[in-house]
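Next up, query.cif (mmCIF, C-alpha atoms):
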data_coords
loop_
_atom_site.label_atom_id
_atom_site.label_comp_id
_atom_site.auth_asym_id
_atom_site.auth_seq_id
_atom_site.Cartn_x
_atom_site.Cartn_y
_atom_site.Cartn_z
CA MET A 1 -46.45 -23.84 -6.86
CA SER A 2 -44.35 -20.69 -6.98
CA THR A 3 -41.88 -20.30 -4.17
CA LEU A 4 -39.88 -17.36 -2.88
CA HIS A 5 -36.54 -18.68 -1.63
CA THR A 6 -34.66 -16.55 0.89
CA VAL A 7 -30.92 -16.84 1.54
CA ASN A 8 -29.48 -14.98 4.54
CA LYS A 9 -25.99 -16.51 4.77
CA SER A 10 -22.75 -15.43 3.11
CA PRO A 11 -21.93 -17.61 0.09
CA PHE A 12 -18.28 -17.55 1.19
CA GLU A 13 -19.02 -19.09 4.56
CA LYS A 14 -21.99 -21.40 4.10
CA THR A 15 -23.37 -23.61 1.34
CA SER A 16 -26.92 -22.22 1.76
CA LEU A 17 -26.86 -20.29 -1.51
CA ALA A 18 -25.51 -23.21 -3.55
CA ALA A 19 -28.05 -25.57 -1.98
CA CYS A 20 -30.86 -23.13 -2.74
CA LEU A 21 -29.81 -22.64 -6.35
CA ASP A 22 -29.61 -26.41 -6.81
CA HIS A 23 -33.24 -26.84 -5.75
CA LEU A 24 -35.17 -24.27 -7.75
CA SER A 25 -38.29 -25.07 -9.77
CA ALA A 26 -40.05 -23.08 -12.48
CA GLY A 27 -41.61 -19.87 -11.18
CA ALA A 28 -39.20 -19.62 -8.28
CA ALA A 29 -37.61 -16.42 -7.11
CA VAL A 30 -34.60 -15.91 -4.86
CA LEU A 31 -34.28 -13.06 -2.37
CA LEU A 32 -30.83 -12.37 -0.93
CA LEU A 33 -30.95 -10.70 2.47
CA GLU A 34 -28.79 -10.12 5.56
CA ASP A 35 -25.35 -11.71 4.88
CA GLY A 36 -26.89 -13.29 1.77
CA VAL A 37 -26.52 -9.95 -0.04
CA TYR A 38 -22.80 -10.63 -0.48
CA ALA A 39 -23.83 -13.09 -3.21
CA ALA A 40 -25.21 -10.14 -5.20
CA LEU A 41 -21.78 -8.58 -5.74
CA THR A 42 -19.83 -8.59 -8.98
CA GLN A 43 -16.29 -9.93 -9.31
CA THR A 44 -16.54 -12.41 -6.45
CA SER A 45 -15.91 -16.14 -6.42
CA ALA A 46 -19.71 -16.61 -6.08
CA GLU A 47 -20.65 -14.49 -9.08
CA GLY A 48 -20.75 -17.36 -11.59
CA GLN A 49 -23.39 -19.41 -9.80
CA VAL A 50 -25.65 -16.37 -9.32
CA LYS A 51 -25.33 -15.31 -12.96
CA ALA A 52 -26.22 -18.85 -14.03
CA ALA A 53 -29.33 -18.74 -11.85
CA LEU A 54 -30.39 -15.45 -13.45
CA ASP A 55 -30.92 -17.33 -16.74
CA SER A 56 -33.90 -19.16 -15.25
CA VAL A 57 -35.17 -17.35 -12.15
CA LYS A 58 -35.60 -13.84 -10.80
CA VAL A 59 -33.08 -12.82 -8.15
CA TYR A 60 -33.61 -9.97 -5.70
CA ALA A 61 -31.43 -8.36 -3.04
CA LEU A 62 -32.63 -6.40 -0.03
CA GLY A 63 -31.44 -2.78 -0.30
CA PRO A 64 -31.23 -1.92 3.41
CA ASP A 65 -28.92 -4.90 3.97
CA LEU A 66 -26.66 -3.76 1.11
CA GLN A 67 -26.51 -0.25 2.56
CA ALA A 68 -25.76 -1.49 6.08
CA ARG A 69 -22.73 -3.35 4.69
CA GLY A 70 -21.44 -0.38 2.67
CA LEU A 71 -22.26 -2.06 -0.65
CA SER A 72 -23.45 0.32 -3.35
CA GLU A 73 -25.98 -0.78 -5.95
CA GLU A 74 -23.34 -0.24 -8.65
CA ARG A 75 -21.59 -3.32 -7.28
CA VAL A 76 -24.68 -5.50 -7.73
CA ILE A 77 -24.73 -8.00 -10.59
CA PRO A 78 -26.87 -6.64 -13.49
CA GLY A 79 -30.17 -8.50 -13.58
CA ILE A 80 -30.57 -8.62 -9.81
CA SER A 81 -33.37 -6.34 -8.63
CA VAL A 82 -32.80 -4.40 -5.41
CA VAL A 83 -35.95 -4.19 -3.27
CA ASP A 84 -36.87 -2.53 0.02
CA TYR A 85 -38.87 -4.08 2.88
CA ALA A 86 -42.18 -3.26 1.16
CA GLY A 87 -40.84 -5.07 -1.90
CA PHE A 88 -39.99 -8.06 0.30
CA VAL A 89 -43.62 -8.12 1.51
CA ASP A 90 -44.87 -7.92 -2.09
CA LEU A 91 -42.65 -10.85 -3.09
CA ALA A 92 -43.88 -12.92 -0.16
CA ALA A 93 -47.48 -12.13 -1.11
CA GLU A 94 -46.97 -12.86 -4.82
CA HIS A 95 -45.59 -16.35 -4.23
CA ASP A 96 -47.45 -19.34 -2.81
CA LYS A 97 -44.90 -19.81 -0.03
CA VAL A 98 -41.57 -18.69 1.33
CA GLN A 99 -38.76 -21.19 1.79
CA ALA A 100 -35.81 -20.05 3.92
CA TRP A 101 -32.29 -21.41 3.35
CA LEU A 102 -30.56 -20.84 6.66
CA MET B 1 1.25 -8.79 38.74
CA SER B 2 3.34 -10.21 35.98
CA GLU B 3 5.03 -7.74 33.65
CA THR B 4 5.02 -10.22 30.82
CA ILE B 5 3.71 -8.73 27.62
CA LYS B 6 2.07 -11.25 25.36
CA ASN B 7 1.36 -10.93 21.69
CA PHE B 8 -2.42 -11.21 21.26
CA LEU B 9 -3.91 -11.81 17.82
CA TYR B 10 -7.61 -11.16 17.31
CA LEU B 11 -8.74 -13.23 14.34
CA ASN B 12 -11.85 -11.88 12.57
CA ARG B 13 -13.49 -14.16 10.03
CA ARG B 14 -17.16 -13.06 10.10
CA ALA B 15 -19.11 -10.40 8.21
CA PRO B 16 -20.71 -7.62 10.29
CA TYR B 17 -24.43 -7.39 11.19
CA GLY B 18 -25.52 -10.90 10.14
CA THR B 19 -24.08 -12.23 13.39
CA ILE B 20 -22.78 -10.51 16.53
CA TYR B 21 -19.18 -11.81 16.20
CA ALA B 22 -17.72 -8.71 14.54
CA TRP B 23 -19.08 -6.29 17.11
CA GLU B 24 -18.15 -8.57 20.02
CA SER B 25 -14.60 -8.79 18.71
CA LEU B 26 -14.29 -5.02 18.48
CA GLU B 27 -15.57 -4.64 22.05
CA VAL B 28 -13.08 -7.19 23.37
CA VAL B 29 -10.22 -5.57 21.45
CA LEU B 30 -11.00 -2.16 22.94
CA ILE B 31 -11.28 -3.59 26.45
CA GLY B 32 -8.10 -5.61 26.03
CA ALA B 33 -6.23 -2.58 24.67
CA ALA B 34 -6.48 -0.99 28.13
CA PHE B 35 -4.17 -3.70 29.51
CA ASP B 36 -0.95 -2.74 27.69
CA GLN B 37 -0.65 -5.92 25.70
CA ASP B 38 0.82 -6.26 22.24
CA VAL B 39 -2.31 -6.42 20.10
CA SER B 40 -2.72 -7.35 16.44
CA LEU B 41 -5.91 -7.69 14.43
CA ALA B 42 -6.30 -10.05 11.50
CA PHE B 43 -9.14 -9.83 8.98
CA VAL B 44 -9.56 -13.04 7.01
CA ASP B 45 -12.39 -14.58 4.93
CA ASP B 46 -15.69 -12.69 5.45
CA GLY B 47 -13.98 -10.68 8.20
CA VAL B 48 -12.70 -8.29 5.51
CA PHE B 49 -16.29 -7.06 5.06
CA GLN B 50 -16.14 -5.52 8.55
CA LEU B 51 -14.00 -2.67 7.26
CA THR B 52 -15.95 -1.61 4.15
CA LYS B 53 -16.46 2.13 3.72
CA GLY B 54 -19.88 3.75 3.73
CA GLN B 55 -21.80 1.41 6.02
CA ASP B 56 -25.27 2.85 6.70
CA THR B 57 -27.47 0.79 9.00
CA ALA B 58 -30.38 3.23 9.26
CA GLY B 59 -32.51 0.96 7.08
CA VAL B 60 -31.98 -2.18 9.15
CA GLY B 61 -32.39 -0.59 12.59
CA MET B 62 -29.01 -1.76 13.91
CA LYS B 63 -26.13 0.19 15.42
CA ASN B 64 -23.48 1.14 12.85
CA PHE B 65 -20.28 0.26 14.71
CA SER B 66 -17.95 0.75 11.73
CA PRO B 67 -16.82 4.28 12.79
CA THR B 68 -15.39 2.71 15.96
CA TYR B 69 -12.58 1.03 14.00
CA ALA B 70 -11.12 4.50 13.43
CA ALA B 71 -10.58 4.76 17.21
CA LEU B 72 -8.26 1.74 17.32
CA GLY B 73 -5.22 3.91 16.61
CA ASP B 74 -5.93 5.96 19.76
CA TYR B 75 -5.79 2.70 21.73
CA GLU B 76 -2.33 1.89 20.35
CA VAL B 77 -3.80 -0.82 18.15
CA LYS B 78 -1.75 -0.23 15.04
CA LYS B 79 -1.12 -3.67 13.57
CA ILE B 80 -4.11 -4.51 11.42
CA TYR B 81 -3.53 -7.26 8.88
CA ILE B 82 -5.84 -7.79 5.90
CA GLU B 83 -5.53 -10.94 3.84
CA LYS B 84 -5.15 -10.14 0.14
CA GLU B 85 -6.69 -13.37 -1.13
CA SER B 86 -9.79 -12.88 1.04
CA LEU B 87 -10.32 -9.42 -0.48
CA GLU B 88 -9.86 -10.67 -4.03
CA GLU B 89 -12.28 -13.59 -3.63
CA ARG B 90 -14.91 -11.03 -2.59
CA GLY B 91 -14.31 -8.54 -5.41
CA LEU B 92 -12.77 -6.02 -3.01
CA SER B 93 -9.54 -4.03 -2.86
CA LEU B 94 -7.98 -1.90 -0.11
CA ASP B 95 -9.69 1.13 -1.70
CA ASP B 96 -13.04 -0.31 -0.62
CA LEU B 97 -11.96 -0.36 3.04
CA GLN B 98 -11.64 2.36 5.65
CA HIS B 99 -8.26 4.07 5.87
CA LEU B 100 -7.10 3.42 9.45
CA THR B 101 -4.14 5.27 10.93
CA TRP B 102 -2.28 5.84 14.18
CA GLU B 103 -0.13 8.73 15.40
CA ASP B 104 3.53 7.98 16.08
CA GLU B 105 4.53 10.11 19.06
CA ASP B 106 8.20 9.21 18.48
CA ASP B 107 7.99 10.70 14.99
CA ASP B 108 6.37 14.11 15.65
CA TYR B 109 2.92 12.51 15.78
CA ALA B 110 3.07 11.53 12.14
CA GLU B 111 -0.03 9.71 10.91
CA LYS B 112 0.88 6.21 9.82
CA ASP B 113 -1.13 3.46 8.20
CA SER B 114 -2.43 0.78 10.56
CA ILE B 115 -3.58 -1.50 7.78
CA HIS B 116 -1.12 -3.95 6.27
CA LEU B 117 -2.10 -6.02 3.26
CA VAL B 118 -0.61 -9.51 3.60
CA THR B 119 -0.72 -12.71 1.60
CA ARG B 120 -2.27 -15.90 2.93
CA ALA B 121 1.20 -17.31 3.54
CA GLU B 122 2.21 -14.19 5.47
CA MET B 123 -1.01 -14.42 7.46
CA ALA B 124 -0.14 -17.99 8.42
CA ALA B 125 3.21 -16.75 9.75
CA ILE B 126 1.49 -13.96 11.73
CA MET B 127 -0.83 -16.54 13.29
CA ASP B 128 2.11 -18.80 14.05
CA GLY B 129 3.96 -15.98 15.74
CA ALA B 130 1.13 -15.04 18.11
CA ASP B 131 1.27 -16.11 21.78
CA VAL B 132 -2.52 -16.15 22.00
CA VAL B 133 -5.16 -16.17 19.26
CA PHE B 134 -8.71 -14.98 20.02
CA SER B 135 -11.11 -16.19 17.34
CA PHE B 136 -14.28 -14.39 16.29
#

Take the structure I supplied and represent it as structure tokens, if you would.
Amino acid sequence: MSTLHTVNKSPFEKTSLAACLDHLSAGAAVLLLEDGVYAALTQTSAEGQVKAALDSVKVYALGPDLQARGLSEERVIPGISVVDYAGFVDLAAEHDKVQAWL
Amino acid sequence: MSETIKNFLYLNRRAPYGTIYAWESLEVVLIGAAFDQDVSLAFVDDGVFQLTKGQDTAGVGMKNFSPTYAALGDYEVKKIYIEKESLEERGLSLDDLQHLTWEDEDDDYAEKDSIHLVTRAEMAAIMDGADVVFSF
């Protein structure tokens, strides 16, 4: 079963991202959106756990949420793919289910 | 009416847009500024994200309220404290934030910086020195 995991909370405020990353199976993907996009940034205290996850799963970040927060794509950790809303729909359709980490 | 002027500290610890706290805080600050109180703003933890440059909310269909911070100087809100450690933990520096200023009418309307970078220990002292802390 392939699952798209979504994380919409800041990694600096909530443990949602860490909990998500600790519960991934083969074929999983992680989409960072809303305040979850802060986890996509380089040189933060959360960067290590995201980079480690990139070794085994695909990680995406929602572009419009990055732009809203003034975060340019140059700040995004290499290996994370930035997608738009249509890309979000594609990801949801490609996976068997969506699991939200609130 | 009492003439007592209290030192109000607005403590901002939340990122913008994901929740309504940041915007609500800004609204309350602007309303409170009309009452001639001694106002300070503190940006700690994810609150530092409120002041990032280049916010563009067109794609998410929300109001971009970040330009409003530039109006704080006109409301005599000129003590804005940013916690250094909070910036560093998030890969940010002051260069990533808006440049906020106020005009000093006692100094030929010179533009002066509103933002003060402070350490966590200094922030603790600022909090300790406030008469009232409003948390957002």

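This file, queried with the PyMOL selection byres ((chain B) within 9 of (chain A)), gives the residues B:Arg14, B:Ala15, B:Pro16, B:Tyr17, B:Gly18, B:Thr19, B:Asp45, B:Asp46, B:Phe49, B:Gln50, B:Thr52, B:Lys53, B:Gly54, B:Gln55, B:Asp56, B:Thr57, B:Ala58, B:Gly59, B:Val60, B:Met62, B:Asn64, B:Glu88, B:Glu89, B:Arg90, B:Gly91, B:Leu92.
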
Output of the above residues as a short mmCIF file (atom, residue, chain, number, x, y, z; two decimals), in the frame of the given file, restricted to C-alpha atoms:
data_model
loop_
_atom_site.label_atom_id
_atom_site.label_comp_id
_atom_site.auth_asym_id
_atom_site.auth_seq_id
_atom_site.Cartn_x
_atom_site.Cartn_y
_atom_site.Cartn_z
CA ARG B 14 -17.16 -13.06 10.10
CA ALA B 15 -19.11 -10.40 8.21
CA PRO B 16 -20.71 -7.62 10.29
CA TYR B 17 -24.43 -7.39 11.19
CA GLY B 18 -25.52 -10.90 10.14
CA THR B 19 -24.08 -12.23 13.39
CA ASP B 45 -12.39 -14.58 4.93
CA ASP B 46 -15.69 -12.69 5.45
CA PHE B 49 -16.29 -7.06 5.06
CA GLN B 50 -16.14 -5.52 8.55
CA THR B 52 -15.95 -1.61 4.15
CA LYS B 53 -16.46 2.13 3.72
CA GLY B 54 -19.88 3.75 3.73
CA GLN B 55 -21.80 1.41 6.02
CA ASP B 56 -25.27 2.85 6.70
CA THR B 57 -27.47 0.79 9.00
CA ALA B 58 -30.38 3.23 9.26
CA GLY B 59 -32.51 0.96 7.08
CA VAL B 60 -31.98 -2.18 9.15
CA MET B 62 -29.01 -1.76 13.91
CA ASN B 64 -23.48 1.14 12.85
CA GLU B 88 -9.86 -10.67 -4.03
CA GLU B 89 -12.28 -13.59 -3.63
CA ARG B 90 -14.91 -11.03 -2.59
CA GLY B 91 -14.31 -8.54 -5.41
CA LEU B 92 -12.77 -6.02 -3.01
#

message = If we count only C-alpha atoms and set the cut-off at 12 Å, which residues sit around stretch 99-105 of chain B, ignoring sequence neighbours fewer than 2 positions away in its own chain? Please answer as an MDAnalysis selection string.
response = chainID B and resid 51:54 66:82 93:97 107:116

Residues just named, written with C-alpha atoms as a CSV table (one decimal), in the frame of the given file:
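The result, written out as again_17.csv:
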chain,number,residue,atom,x,y,z
B,51,LEU,CA,-14.0,-2.7,7.3
B,52,THR,CA,-16.0,-1.6,4.2
B,53,LYS,CA,-16.5,2.1,3.7
B,54,GLY,CA,-19.9,3.8,3.7
B,66,SER,CA,-18.0,0.8,11.7
B,67,PRO,CA,-16.8,4.3,12.8
B,68,THR,CA,-15.4,2.7,16.0
B,69,TYR,CA,-12.6,1.0,14.0
B,70,ALA,CA,-11.1,4.5,13.4
B,71,ALA,CA,-10.6,4.8,17.2
B,72,LEU,CA,-8.3,1.7,17.3
B,73,GLY,CA,-5.2,3.9,16.6
B,74,ASP,CA,-5.9,6.0,19.8
B,75,TYR,CA,-5.8,2.7,21.7
B,76,GLU,CA,-2.3,1.9,20.4
B,77,VAL,CA,-3.8,-0.8,18.2
B,78,LYS,CA,-1.8,-0.2,15.0
B,79,LYS,CA,-1.1,-3.7,13.6
B,80,ILE,CA,-4.1,-4.5,11.4
B,81,TYR,CA,-3.5,-7.3,8.9
B,82,ILE,CA,-5.8,-7.8,5.9
B,93,SER,CA,-9.5,-4.0,-2.9
B,94,LEU,CA,-8.0,-1.9,-0.1
B,95,ASP,CA,-9.7,1.1,-1.7
B,96,ASP,CA,-13.0,-0.3,-0.6
B,97,LEU,CA,-12.0,-0.4,3.0
B,107,ASP,CA,8.0,10.7,15.0
B,108,ASP,CA,6.4,14.1,15.6
B,109,TYR,CA,2.9,12.5,15.8
B,110,ALA,CA,3.1,11.5,12.1
B,111,GLU,CA,0.0,9.7,10.9
B,112,LYS,CA,0.9,6.2,9.8
B,113,ASP,CA,-1.1,3.5,8.2
B,114,SER,CA,-2.4,0.8,10.6
B,115,ILE,CA,-3.6,-1.5,7.8
B,116,HIS,CA,-1.1,-4.0,6.3

ask   = Just so the selection is clear, what residues does the PyMOL selection byres ((chain A and resi 58) around 6) cover here, as a list of chain:residue names?
value =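 Taken on the displayed file, the PyMOL selection byres ((chain A and resi 58) around 6) yields the residues A:Ala29, A:Val57, A:Val59.
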
request  = Compile the contact shell of A:Ala18 as a VMD selection string: residues with an atom at most 9 Å away, counting all atoms listed in the file, same-chain residues fewer than 4 positions apart removed.
outcome  = chain A and resid 11 14 22 to 23 49 to 50

Atom CA of B:Trp23 to atom CA of B:Lys6, straight-line distance in Å =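 That distance, rounded to one decimal, is 23.2 Å.
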
task = Would you translate the PyMOL selection byres ((chain B and resi 133) around 8) into the concrete set of residues it matches in this file, as a list of chain:residue names?
result =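 So the PyMOL selection byres ((chain B and resi 133) around 8) ends up selecting B:Phe8, B:Leu9, B:Tyr10, B:Leu11, B:Met127, B:Ala130, B:Asp131, B:Val132, B:Phe134, B:Ser135.
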
remark   = The distance between atom CA of B:Arg120 and atom CA of A:Glu73 is 29.5 Å

inquiry  = Which residues are close to B:Thr119, i.e. within 6 Å by all atoms listed in the file, leaving aside same-chain residues fewer than 3 positions away? Reply as a list in words.
reply    =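 Everything that qualifies: Glu83, Lys84 and Glu122 of chain B.
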
query = atom CA of A:Glu74 and atom CA of B:Leu117 are how many Å apart?
reply = 25.0 Å
